[in-house]
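Just final-v1.txt here, compact mmCIF, C-alpha atoms:
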# COMPACT_ATOMS: atom_id res chain seq x y z
CA MET E 1 -14.23 -0.75 -3.64
CA SER E 2 -14.19 2.73 -2.12
CA HIS E 3 -11.31 5.08 -2.78
CA TRP E 4 -8.87 5.84 0.01
CA THR E 5 -9.09 9.08 1.96
CA LEU E 6 -6.59 11.17 3.94
CA ASP E 7 -7.76 9.32 7.05
CA ASP E 8 -6.36 6.09 5.58
CA VAL E 9 -2.81 7.49 5.56
CA PRO E 10 -0.79 6.39 8.64
CA TRP E 11 0.24 9.91 9.62
CA HIS E 12 1.29 8.73 13.09
CA LYS E 13 4.21 6.83 11.50
CA PHE E 14 5.84 10.01 10.19
CA ASP E 15 9.61 9.92 10.83
CA PRO E 16 11.28 13.32 10.40
CA SER E 17 14.74 11.72 10.60
CA LYS E 18 14.07 9.98 7.27
CA VAL E 19 13.02 13.06 5.32
CA ASP E 20 15.42 13.78 2.46
CA PRO E 21 15.57 17.55 1.75
CA GLU E 22 15.90 17.06 -2.01
CA THR E 23 12.95 14.68 -2.11
CA LEU E 24 10.94 17.18 -0.08
CA ARG E 25 11.52 19.80 -2.77
CA ILE E 26 10.03 17.70 -5.56
CA VAL E 27 7.17 16.48 -3.38
CA LYS E 28 6.16 20.10 -2.72
CA ALA E 29 6.06 20.75 -6.48
CA ALA E 30 4.13 17.55 -7.21
CA GLY E 31 1.54 18.48 -4.61
CA LEU E 32 0.82 21.79 -6.31
CA VAL E 33 0.35 20.20 -9.75
CA GLU E 34 -1.94 17.46 -8.41
CA TYR E 35 -3.99 19.96 -6.41
CA ASN E 36 -4.76 21.82 -9.63
CA GLY E 37 -6.60 18.81 -11.06
CA HIS E 38 -9.97 20.60 -11.15
CA GLU E 39 -8.64 22.79 -13.99
CA TYR E 40 -8.05 19.72 -16.13
CA VAL E 41 -11.56 18.51 -15.37
CA ARG E 42 -12.94 21.80 -16.70
CA TYR E 43 -10.84 21.38 -19.84
CA LEU E 44 -11.94 17.76 -20.39
CA HIS E 45 -15.60 18.65 -19.85
CA ASN E 46 -15.31 21.20 -22.65
CA VAL E 47 -13.53 18.80 -25.00
CA PHE E 48 -16.05 16.01 -24.32
CA SER E 49 -19.09 18.28 -23.99
CA ASP E 50 -21.47 15.74 -25.58
CA ASP E 51 -20.22 12.69 -23.63
CA PRO E 52 -21.90 12.86 -20.20
CA ASP E 53 -20.66 9.41 -19.15
CA PHE E 54 -17.04 10.41 -19.67
CA GLN E 55 -17.66 13.78 -18.05
CA GLU E 56 -18.84 11.98 -14.92
CA GLU E 57 -15.75 9.78 -14.85
CA ALA E 58 -13.50 12.78 -15.49
CA ALA E 59 -15.06 14.60 -12.54
CA ALA E 60 -14.36 11.64 -10.25
CA TRP E 61 -10.81 11.47 -11.62
CA GLY E 62 -10.34 15.15 -10.80
CA VAL E 63 -11.48 14.68 -7.20
CA GLU E 64 -8.83 11.98 -6.76
CA GLU E 65 -6.13 14.15 -8.33
CA VAL E 66 -6.92 17.01 -5.95
CA GLN E 67 -6.79 14.57 -3.04
CA HIS E 68 -3.32 13.52 -4.15
CA GLY E 69 -2.26 17.15 -3.86
CA SER E 70 -3.82 17.44 -0.41
CA ALA E 71 -1.97 14.35 0.82
CA LEU E 72 1.38 15.45 -0.59
CA GLY E 73 0.85 18.98 0.71
CA LYS E 74 0.03 17.75 4.22
CA TRP E 75 3.12 15.54 4.24
CA ALA E 76 5.31 18.40 3.00
CA ALA E 77 4.03 20.66 5.78
CA MET E 78 4.84 17.96 8.34
CA ALA E 79 8.34 17.63 6.90
CA ASP E 80 8.77 21.41 6.72
CA PRO E 81 6.48 23.32 9.13
CA SER E 82 7.42 26.59 7.41
CA PHE E 83 5.85 25.39 4.15
CA ASP E 84 2.52 27.09 3.47
CA PHE E 85 0.83 24.85 0.92
CA GLU E 86 -2.12 27.13 0.15
CA LYS E 87 0.12 30.18 -0.25
CA SER E 88 2.44 28.26 -2.57
CA PHE E 89 -0.53 26.99 -4.55
CA LYS E 90 -1.79 30.52 -5.07
CA ARG E 91 1.66 31.53 -6.25
CA PHE E 92 1.60 28.61 -8.68
CA VAL E 93 -1.83 29.26 -10.23
CA ASP E 94 -1.18 33.01 -10.38
CA GLY E 95 1.89 32.35 -12.51
CA TYR E 96 0.90 29.27 -14.51
CA LYS E 97 -2.36 29.37 -16.44
CA LEU E 98 -3.99 26.41 -18.13
CA GLU E 99 -6.30 27.31 -21.01
CA THR E 100 -9.57 25.53 -20.22
CA ASN E 101 -12.06 27.57 -22.25
CA VAL E 102 -11.78 25.45 -25.39
CA ALA E 103 -14.21 23.88 -27.84
CA ALA E 104 -11.86 21.11 -29.00
CA SER E 105 -8.77 19.25 -27.86
CA VAL E 106 -5.37 20.84 -28.39
CA ARG E 107 -4.34 17.38 -29.64
CA GLY E 108 -6.48 17.73 -32.77
CA SER E 109 -8.98 15.02 -31.88
CA ARG E 110 -10.62 13.45 -28.88
CA ALA E 111 -8.77 10.21 -29.51
CA GLY E 112 -5.56 12.23 -29.46
CA GLU E 113 -6.62 13.82 -26.17
CA LEU E 114 -7.18 10.44 -24.57
CA ILE E 115 -3.80 9.19 -25.80
CA ALA E 116 -2.21 12.26 -24.24
CA ARG E 117 -4.01 11.52 -20.96
CA CYS E 118 -2.70 7.94 -21.10
CA ILE E 119 0.83 9.30 -21.49
CA VAL E 120 0.38 11.62 -18.50
CA GLU E 121 -0.93 8.78 -16.32
CA THR E 122 1.96 6.60 -17.47
CA GLY E 123 4.39 9.25 -16.31
CA THR E 124 2.73 9.86 -12.96
CA SER E 125 2.27 6.17 -12.16
CA SER E 126 5.95 5.54 -12.93
CA TYR E 127 7.04 8.64 -11.02
CA TYR E 128 5.18 7.85 -7.81
CA THR E 129 6.28 4.22 -7.98
CA ALA E 130 9.90 5.42 -8.24
CA LEU E 131 9.38 7.93 -5.44
CA ALA E 132 7.85 5.28 -3.17
CA GLU E 133 10.87 3.05 -3.73
CA ALA E 134 13.36 5.90 -3.31
CA THR E 135 12.15 7.25 0.03
CA ASP E 136 12.70 5.72 3.46
CA GLU E 137 10.09 7.91 5.12
CA PRO E 138 7.16 5.53 5.83
CA VAL E 139 4.29 8.00 5.42
CA LEU E 140 5.55 9.35 2.10
CA LYS E 141 6.13 5.79 0.92
CA ASP E 142 2.52 4.90 1.74
CA ILE E 143 1.12 8.02 0.05
CA CYS E 144 3.16 7.45 -3.11
CA ARG E 145 2.09 3.81 -3.34
CA LYS E 146 -1.54 4.85 -3.05
CA ILE E 147 -1.13 7.56 -5.70
CA ALA E 148 0.78 5.25 -8.06
CA ALA E 149 -2.06 2.71 -7.87
CA ASP E 150 -4.59 5.47 -8.59
CA GLU E 151 -2.62 6.69 -11.59
CA LEU E 152 -2.45 3.20 -13.04
CA ARG E 153 -6.22 2.91 -12.65
CA HIS E 154 -6.61 6.32 -14.30
CA TYR E 155 -4.50 5.10 -17.23
CA LYS E 156 -6.90 2.18 -17.63
CA LEU E 157 -9.85 4.59 -17.55
CA PHE E 158 -8.49 6.76 -20.36
CA TYR E 159 -7.34 3.72 -22.36
CA ARG E 160 -10.81 2.17 -22.10
CA ARG E 161 -12.41 5.42 -23.24
CA LEU E 162 -9.90 5.70 -26.10
CA LYS E 163 -11.06 2.66 -28.07
CA PRO E 164 -14.44 3.92 -29.37
CA TYR E 165 -12.97 7.33 -30.26
CA LEU E 166 -10.23 5.66 -32.30
CA GLU E 167 -12.93 3.96 -34.34
CA GLN E 168 -14.98 7.15 -34.72
CA GLU E 169 -12.10 9.42 -35.67
CA ASN E 170 -9.93 6.90 -37.52
CA LEU E 171 -6.69 8.05 -35.88
CA GLY E 172 -3.96 5.82 -37.30
CA SER E 173 -0.79 4.49 -35.76
CA TRP E 174 1.38 7.40 -36.89
CA GLY E 175 -1.14 9.89 -35.58
CA ARG E 176 -1.23 8.13 -32.22
CA LEU E 177 2.54 8.01 -32.06
CA ARG E 178 2.83 11.68 -32.97
CA VAL E 179 0.51 12.67 -30.12
CA ALA E 180 2.42 10.49 -27.65
CA ILE E 181 5.81 11.89 -28.62
CA GLY E 182 4.46 15.42 -28.44
CA ARG E 183 3.02 14.89 -24.96
CA ILE E 184 6.22 13.25 -23.69
CA ALA E 185 8.18 16.27 -24.94
CA GLU E 186 5.86 18.51 -22.92
CA SER E 187 6.88 16.79 -19.67
CA GLU E 188 9.48 19.53 -19.28
CA ASP E 189 7.20 22.45 -20.04
CA ASP E 190 6.54 25.32 -17.65
CA GLU E 191 4.03 23.51 -15.45
CA LEU E 192 6.45 21.44 -13.37
CA ALA E 193 9.24 24.00 -13.49
CA TYR E 194 6.88 26.71 -12.26
CA ALA E 195 5.43 24.43 -9.59
CA TYR E 196 8.95 23.72 -8.33
CA TYR E 197 9.64 27.46 -8.29
CA ALA E 198 6.36 28.31 -6.53
CA ALA E 199 7.00 25.69 -3.86
CA ASN E 200 10.68 26.30 -3.22
CA ALA E 201 11.78 29.83 -4.22
CA THR E 202 12.05 32.67 -1.76
CA ALA E 203 9.73 35.65 -2.17
CA ASP E 204 12.39 37.76 -3.86
CA GLN E 205 13.57 35.16 -6.38
CA PRO E 206 12.32 35.74 -9.96
CA TYR E 207 11.18 32.92 -12.20
CA ASP E 208 13.75 31.79 -14.75
CA ARG E 209 12.44 28.84 -16.73
CA LYS E 210 15.83 27.33 -17.54
CA ARG E 211 17.07 27.56 -13.98
CA TRP E 212 13.98 26.14 -12.30
CA ASN E 213 13.44 23.44 -14.92
CA ARG E 214 17.02 22.30 -14.38
CA ALA E 215 16.52 22.30 -10.61
CA TYR E 216 13.36 20.21 -10.90
CA VAL E 217 14.49 17.72 -13.55
CA SER E 218 17.88 17.04 -11.95
CA ARG E 219 16.10 15.91 -8.77
CA ALA E 220 12.99 14.25 -10.21
CA TYR E 221 14.77 12.17 -12.85
CA ALA E 222 17.40 11.01 -10.35
CA ILE E 223 14.91 8.79 -8.52
CA TYR E 224 14.16 6.62 -11.56
CA ARG E 225 15.63 3.18 -12.14
CA GLU E 226 15.62 1.16 -15.34
CA HIS E 227 12.64 -1.00 -14.36
CA HIS E 228 10.52 2.14 -13.98
CA ILE E 229 11.38 3.14 -17.55
CA GLU E 230 10.66 -0.38 -18.77
CA ARG E 231 7.21 -0.40 -17.18
CA GLY E 232 6.38 3.09 -18.40
CA MET E 233 7.52 2.39 -21.95
CA ALA E 234 5.29 -0.69 -22.13
CA MET E 235 2.31 1.48 -21.16
CA VAL E 236 3.21 4.07 -23.80
CA PHE E 237 3.52 1.39 -26.48
CA LYS E 238 0.14 -0.03 -25.53
CA ALA E 239 -1.49 3.41 -25.77
CA VAL E 240 -0.19 4.01 -29.29
CA GLY E 241 -1.04 0.52 -30.54
CA LEU E 242 2.45 -1.00 -30.59
CA THR E 243 3.54 -4.32 -29.07
CA PRO E 244 4.41 -3.48 -25.45
CA ASN E 245 6.95 -6.28 -24.94
CA GLY E 246 8.64 -6.60 -28.32
CA TRP E 247 12.13 -5.81 -29.58
CA LEU E 248 11.25 -2.21 -30.43
CA ASN E 249 10.13 -1.62 -26.87
CA ARG E 250 13.35 -3.09 -25.50
CA MET E 251 15.42 -0.80 -27.72
CA ALA E 252 13.34 2.21 -26.68
CA VAL E 253 13.85 1.37 -23.00
CA LYS E 254 17.62 1.13 -23.37
CA PHE E 255 17.77 4.39 -25.28
CA ALA E 256 15.49 6.25 -22.85
CA TRP E 257 17.30 4.93 -19.75
CA SER E 258 20.71 5.83 -21.14
CA ALA E 259 19.52 9.29 -22.19
CA MET E 260 17.95 9.92 -18.79
CA ARG E 261 21.11 8.98 -16.89
CA ARG E 262 23.22 11.25 -19.08
CA ARG E 263 20.73 14.07 -18.63
CA VAL E 264 20.73 13.74 -14.85
CA ARG E 265 24.54 13.75 -14.68
CA ARG E 266 24.73 16.83 -16.90
CA LEU E 267 22.08 18.73 -14.97
CA GLN E 268 23.52 17.81 -11.60
CA ALA E 269 26.92 19.09 -12.73
CA ALA E 270 25.32 22.33 -13.90
CA GLU E 271 23.56 22.65 -10.52
CA LEU E 272 26.89 22.35 -8.72
CA LEU E 273 28.45 25.03 -10.91
CA THR E 274 25.65 27.49 -10.21
CA ALA E 275 25.19 26.68 -6.52
Rewrite the structure of this file - the entire thing - as structure tokens.
Amino acid sequence: MSHWTLDDVPWHKFDPSKVDPETLRIVKAAGLVEYNGHEYVRYLHNVFSDDPDFQEEAAAWGVEEVQHGSALGKWAAMADPSFDFEKSFKRFVDGYKLETNVAASVRGSRAGELIARCIVETGTSSYYTALAEATDEPVLKDICRKIAADELRHYKLFYRRLKPYLEQENLGSWGRLRVAIGRIAESEDDELAYAYYAANATADQPYDRKRWNRAYVSRAYAIYREHHIERGMAMVFKAVGLTPNGWLNRMAVKFAWSAMRRRVRRLQAAELLTA
């Protein structure tokens, strides 16, 4: 089955009356991050330098990630004709640098790298599913559904590639869990905060990590509902070798959902105070 293209998106159904300004802000940021997918391909090719089969799959994955950015960027420009996607992307990559010239994974092993990639695809699949359900704009809804399906397929790719490396490198349950927790904690690193800044700040506004991270997270986390957390947590548990539908998973979902709601309320209050 061939992958979708930009021509498959029903652009003619775009309804400007259903564009939410706050959603538009986070879509602009997401587009920049996705469009930078080729940098992650370069990184993965270096980490898996002796695995040509995986390198080929990683290259195809990167093409799809860049296409996600193109689709989101085109939609954002339709919603806001003043938005210059390429100019914002340059601002993003000039300020946020990914280290790709490596000889080994920053996760300590290739199995760890693939677990980290599973965690990323879990987050993006859940995020675009939530975004598709949150928006009433029909074109954005269609794009997000397409991207969410891609990200789920990408999760399956990395999970499939993980199994033989687990056997080769003997990464145990605690090691897998440690990598997953570490990568989840990185979900609020500079990448998304800087992308939000690059897409939404005026030319004279300086980058302040705390400010722009708060602005991004308060909007992005607000679109989630409990069933998105439940689905995502099951995928995380599967990646680290835990039972995805057991009692521990249910406890983790309740804790994560409660913590996320509290975080959103706190950040939204802080946004109002600084507005």
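Considering the residues E:Asn245, E:Asn36, E:Ser125, E:Asn101 and counting all atoms listed in the file, E:Arg153 has its shortest atom-to-atom contact with E:Ser125.
Once stretch 132-142 of chain E and its same-chain neighbours fewer than 6 positions away are set aside, Val9, Pro10, Trp11, Lys13, Phe14, Asp15, Pro16, Lys18, Val19, Asp20, Thr23, Leu72, Trp75 and Ile223 of chain E remain within 8 Å of it when counting all atoms listed in the file.
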Generate a file of the selected residues that holds C-alpha atoms, formatted as an mmCIF file, in the frame of the given file.
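Result file is selection.cif:
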data_model
loop_
_atom_site.group_PDB
_atom_site.id
_atom_site.type_symbol
_atom_site.label_atom_id
_atom_site.label_comp_id
_atom_site.auth_asym_id
_atom_site.auth_seq_id
_atom_site.Cartn_x
_atom_site.Cartn_y
_atom_site.Cartn_z
ATOM 1 C CA VAL E 9 -2.810 7.490 5.560
ATOM 2 C CA PRO E 10 -0.790 6.390 8.640
ATOM 3 C CA TRP E 11 0.240 9.910 9.620
ATOM 4 C CA LYS E 13 4.210 6.830 11.500
ATOM 5 C CA PHE E 14 5.840 10.010 10.190
ATOM 6 C CA ASP E 15 9.610 9.920 10.830
ATOM 7 C CA PRO E 16 11.280 13.320 10.400
ATOM 8 C CA LYS E 18 14.070 9.980 7.270
ATOM 9 C CA VAL E 19 13.020 13.060 5.320
ATOM 10 C CA ASP E 20 15.420 13.780 2.460
ATOM 11 C CA THR E 23 12.950 14.680 -2.110
ATOM 12 C CA LEU E 72 1.380 15.450 -0.590
ATOM 13 C CA TRP E 75 3.120 15.540 4.240
ATOM 14 C CA ILE E 223 14.910 8.790 -8.520
#
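Nearest to E:Val217 of all the residues E:Asp51, E:Glu22, E:Glu65, E:Glu113 is E:Glu22, based on all atoms listed in the file.
Nearest to E:Tyr128 of all the residues E:Ala201, E:Met233, E:Ala30, E:Met260 is E:Ala30, based on all atoms listed in the file.
Between atom CA of E:Asp53 and atom CA of E:Ser109 there is a distance of 18.2 Å.
Selecting by distance to (0.1, 10.7, -22.8) with a limit of 9 Å and using all atoms listed in the file, one obtains Gly112, Glu113, Leu114, Ile115, Ala116, Arg117, Cys118, Ile119, Val120, Glu121, Thr122, Gly123, Val179, Ala180, Ile181, Gly182, Arg183, Ile184, Val236 and Ala239 of chain E.
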- Note on the structure: Restricting to all atoms listed in the file, whichever of E:Leu272, E:Phe83, E:Trp257, E:Arg231 is closest to E:Thr202 is E:Phe83
- What does the distance between atom CA of E:Asp150 and atom CA of E:His3 come to in Å, to one decimal place? 8.9 Å
- Message: Taking 5 positions as the minimum chain separation for residues in the same chain, which residues sit within 10 Å of E:Arg209 when counting all atoms listed in the file? Answer as a VMD selection string.
- Response: chain E and resid 189 to 190 193 to 194 197 214 to 215
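What separates atom CA of E:Tyr216 from atom CA of E:Ile26 is a distance of 6.8 Å.
Using all atoms listed in the file, the nearest neighbour of E:Asp94 within the list E:Ala198, E:Leu24, E:Ile229, E:Val264 is E:Ala198.
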- Counting only C-alpha atoms, the option among E:Leu192, E:Cys144, E:Met78, E:Val27 closest to E:Gly95: E:Leu192
Can you save stretch 250-262 of chain E of the given block to a file, including all heavy atoms and formatted as a PDB file, in the first residue's frame?
ATOM      1  N   ARG E 250      -2.725   0.445  34.648  1.00  0.00           N
ATOM      2  CA  ARG E 250      -3.897   1.236  35.036  1.00  0.00           C
ATOM      3  C   ARG E 250      -3.528   2.289  36.083  1.00  0.00           C
ATOM      4  O   ARG E 250      -4.002   3.430  36.037  1.00  0.00           O
ATOM      5  CB  ARG E 250      -5.009   0.322  35.558  1.00  0.00           C
ATOM      6  CG  ARG E 250      -5.630  -0.553  34.476  1.00  0.00           C
ATOM      7  CD  ARG E 250      -6.899  -1.233  34.961  1.00  0.00           C
ATOM      8  NE  ARG E 250      -6.620  -2.228  35.995  1.00  0.00           N
ATOM      9  CZ  ARG E 250      -6.334  -3.489  35.743  1.00  0.00           C
ATOM     10  NH1 ARG E 250      -6.255  -3.932  34.493  1.00  0.00           N
ATOM     11  NH2 ARG E 250      -6.113  -4.353  36.730  1.00  0.00           N
ATOM     12  N   MET E 251      -2.669   1.910  37.025  1.00  0.00           N
ATOM     13  CA  MET E 251      -2.212   2.873  38.029  1.00  0.00           C
ATOM     14  C   MET E 251      -1.387   3.982  37.387  1.00  0.00           C
ATOM     15  O   MET E 251      -1.539   5.164  37.723  1.00  0.00           O
ATOM     16  CB  MET E 251      -1.374   2.159  39.098  1.00  0.00           C
ATOM     17  CG  MET E 251      -2.172   1.266  40.027  1.00  0.00           C
ATOM     18  SD  MET E 251      -1.116   0.506  41.293  1.00  0.00           S
ATOM     19  CE  MET E 251      -0.483   1.948  42.137  1.00  0.00           C
ATOM     20  N   ALA E 252      -0.527   3.601  36.446  1.00  0.00           N
ATOM     21  CA  ALA E 252       0.313   4.592  35.763  1.00  0.00           C
ATOM     22  C   ALA E 252      -0.533   5.575  34.969  1.00  0.00           C
ATOM     23  O   ALA E 252      -0.244   6.777  34.929  1.00  0.00           O
ATOM     24  CB  ALA E 252       1.307   3.879  34.843  1.00  0.00           C
ATOM     25  N   VAL E 253      -1.594   5.077  34.334  1.00  0.00           N
ATOM     26  CA  VAL E 253      -2.487   5.951  33.559  1.00  0.00           C
ATOM     27  C   VAL E 253      -3.164   6.963  34.472  1.00  0.00           C
ATOM     28  O   VAL E 253      -3.206   8.161  34.172  1.00  0.00           O
ATOM     29  CB  VAL E 253      -3.550   5.117  32.812  1.00  0.00           C
ATOM     30  CG1 VAL E 253      -4.640   6.029  32.239  1.00  0.00           C
ATOM     31  CG2 VAL E 253      -2.904   4.304  31.701  1.00  0.00           C
ATOM     32  N   LYS E 254      -3.684   6.499  35.599  1.00  0.00           N
ATOM     33  CA  LYS E 254      -4.372   7.415  36.518  1.00  0.00           C
ATOM     34  C   LYS E 254      -3.412   8.471  37.056  1.00  0.00           C
ATOM     35  O   LYS E 254      -3.761   9.658  37.153  1.00  0.00           O
ATOM     36  CB  LYS E 254      -5.000   6.625  37.668  1.00  0.00           C
ATOM     37  CG  LYS E 254      -6.185   5.770  37.253  1.00  0.00           C
ATOM     38  CD  LYS E 254      -6.830   5.098  38.444  1.00  0.00           C
ATOM     39  CE  LYS E 254      -8.011   4.228  38.008  1.00  0.00           C
ATOM     40  NZ  LYS E 254      -9.068   5.029  37.344  1.00  0.00           N
ATOM     41  N   PHE E 255      -2.210   8.048  37.397  1.00  0.00           N
ATOM     42  CA  PHE E 255      -1.222   8.994  37.907  1.00  0.00           C
ATOM     43  C   PHE E 255      -0.838  10.015  36.839  1.00  0.00           C
ATOM     44  O   PHE E 255      -0.800  11.221  37.095  1.00  0.00           O
ATOM     45  CB  PHE E 255       0.024   8.239  38.383  1.00  0.00           C
ATOM     46  CG  PHE E 255       1.151   9.149  38.789  1.00  0.00           C
ATOM     47  CD1 PHE E 255       1.153   9.749  40.049  1.00  0.00           C
ATOM     48  CD2 PHE E 255       2.194   9.431  37.920  1.00  0.00           C
ATOM     49  CE1 PHE E 255       2.182  10.595  40.429  1.00  0.00           C
ATOM     50  CE2 PHE E 255       3.234  10.272  38.290  1.00  0.00           C
ATOM     51  CZ  PHE E 255       3.217  10.868  39.546  1.00  0.00           C
ATOM     52  N   ALA E 256      -0.550   9.531  35.620  1.00  0.00           N
ATOM     53  CA  ALA E 256      -0.114  10.422  34.542  1.00  0.00           C
ATOM     54  C   ALA E 256      -1.217  11.395  34.148  1.00  0.00           C
ATOM     55  O   ALA E 256      -0.965  12.583  33.916  1.00  0.00           O
ATOM     56  CB  ALA E 256       0.321   9.605  33.330  1.00  0.00           C
ATOM     57  N   TRP E 257      -2.462  10.916  34.082  1.00  0.00           N
ATOM     58  CA  TRP E 257      -3.578  11.774  33.686  1.00  0.00           C
ATOM     59  C   TRP E 257      -3.833  12.850  34.742  1.00  0.00           C
ATOM     60  O   TRP E 257      -4.026  14.029  34.422  1.00  0.00           O
ATOM     61  CB  TRP E 257      -4.818  10.930  33.460  1.00  0.00           C
ATOM     62  CG  TRP E 257      -6.089  11.693  33.212  1.00  0.00           C
ATOM     63  CD1 TRP E 257      -7.253  11.581  33.896  1.00  0.00           C
ATOM     64  CD2 TRP E 257      -6.318  12.678  32.188  1.00  0.00           C
ATOM     65  NE1 TRP E 257      -8.197  12.432  33.373  1.00  0.00           N
ATOM     66  CE2 TRP E 257      -7.649  13.113  32.319  1.00  0.00           C
ATOM     67  CE3 TRP E 257      -5.531  13.227  31.190  1.00  0.00           C
ATOM     68  CZ2 TRP E 257      -8.209  14.089  31.490  1.00  0.00           C
ATOM     69  CZ3 TRP E 257      -6.083  14.197  30.353  1.00  0.00           C
ATOM     70  CH2 TRP E 257      -7.396  14.617  30.503  1.00  0.00           C
ATOM     71  N   SER E 258      -3.778  12.461  35.999  1.00  0.00           N
ATOM     72  CA  SER E 258      -3.966  13.426  37.080  1.00  0.00           C
ATOM     73  C   SER E 258      -2.856  14.468  37.087  1.00  0.00           C
ATOM     74  O   SER E 258      -3.105  15.674  37.219  1.00  0.00           O
ATOM     75  CB  SER E 258      -4.024  12.694  38.423  1.00  0.00           C
ATOM     76  OG  SER E 258      -4.148  13.600  39.487  1.00  0.00           O
ATOM     77  N   ALA E 259      -1.615  14.004  36.909  1.00  0.00           N
ATOM     78  CA  ALA E 259      -0.468  14.920  36.902  1.00  0.00           C
ATOM     79  C   ALA E 259      -0.543  15.877  35.719  1.00  0.00           C
ATOM     80  O   ALA E 259      -0.229  17.064  35.843  1.00  0.00           O
ATOM     81  CB  ALA E 259       0.830  14.122  36.860  1.00  0.00           C
ATOM     82  N   MET E 260      -0.976  15.380  34.571  1.00  0.00           N
ATOM     83  CA  MET E 260      -1.071  16.234  33.389  1.00  0.00           C
ATOM     84  C   MET E 260      -2.128  17.313  33.575  1.00  0.00           C
ATOM     85  O   MET E 260      -1.913  18.480  33.229  1.00  0.00           O
ATOM     86  CB  MET E 260      -1.384  15.390  32.146  1.00  0.00           C
ATOM     87  CG  MET E 260      -1.542  16.215  30.876  1.00  0.00           C
ATOM     88  SD  MET E 260      -1.774  15.216  29.391  1.00  0.00           S
ATOM     89  CE  MET E 260      -0.084  14.704  29.079  1.00  0.00           C
ATOM     90  N   ARG E 261      -3.273  16.946  34.119  1.00  0.00           N
ATOM     91  CA  ARG E 261      -4.332  17.952  34.332  1.00  0.00           C
ATOM     92  C   ARG E 261      -3.885  19.031  35.301  1.00  0.00           C
ATOM     93  O   ARG E 261      -4.144  20.215  35.077  1.00  0.00           O
ATOM     94  CB  ARG E 261      -5.605  17.263  34.853  1.00  0.00           C
ATOM     95  CG  ARG E 261      -6.370  16.501  33.790  1.00  0.00           C
ATOM     96  CD  ARG E 261      -7.690  15.990  34.307  1.00  0.00           C
ATOM     97  NE  ARG E 261      -7.486  15.064  35.413  1.00  0.00           N
ATOM     98  CZ  ARG E 261      -8.466  14.575  36.159  1.00  0.00           C
ATOM     99  NH1 ARG E 261      -9.721  14.925  35.945  1.00  0.00           N
ATOM    100  NH2 ARG E 261      -8.210  13.716  37.133  1.00  0.00           N
ATOM    101  N   ARG E 262      -3.207  18.621  36.374  1.00  0.00           N
ATOM    102  CA  ARG E 262      -2.705  19.610  37.327  1.00  0.00           C
ATOM    103  C   ARG E 262      -1.676  20.524  36.671  1.00  0.00           C
ATOM    104  O   ARG E 262      -1.669  21.742  36.893  1.00  0.00           O
ATOM    105  CB  ARG E 262      -2.078  18.917  38.549  1.00  0.00           C
ATOM    106  CG  ARG E 262      -3.081  18.241  39.475  1.00  0.00           C
ATOM    107  CD  ARG E 262      -2.442  17.925  40.820  1.00  0.00           C
ATOM    108  NE  ARG E 262      -1.239  17.113  40.690  1.00  0.00           N
ATOM    109  CZ  ARG E 262      -1.243  15.782  40.663  1.00  0.00           C
ATOM    110  NH1 ARG E 262      -2.386  15.113  40.756  1.00  0.00           N
ATOM    111  NH2 ARG E 262      -0.107  15.106  40.556  1.00  0.00           N
TER     112      ARG E 262
END
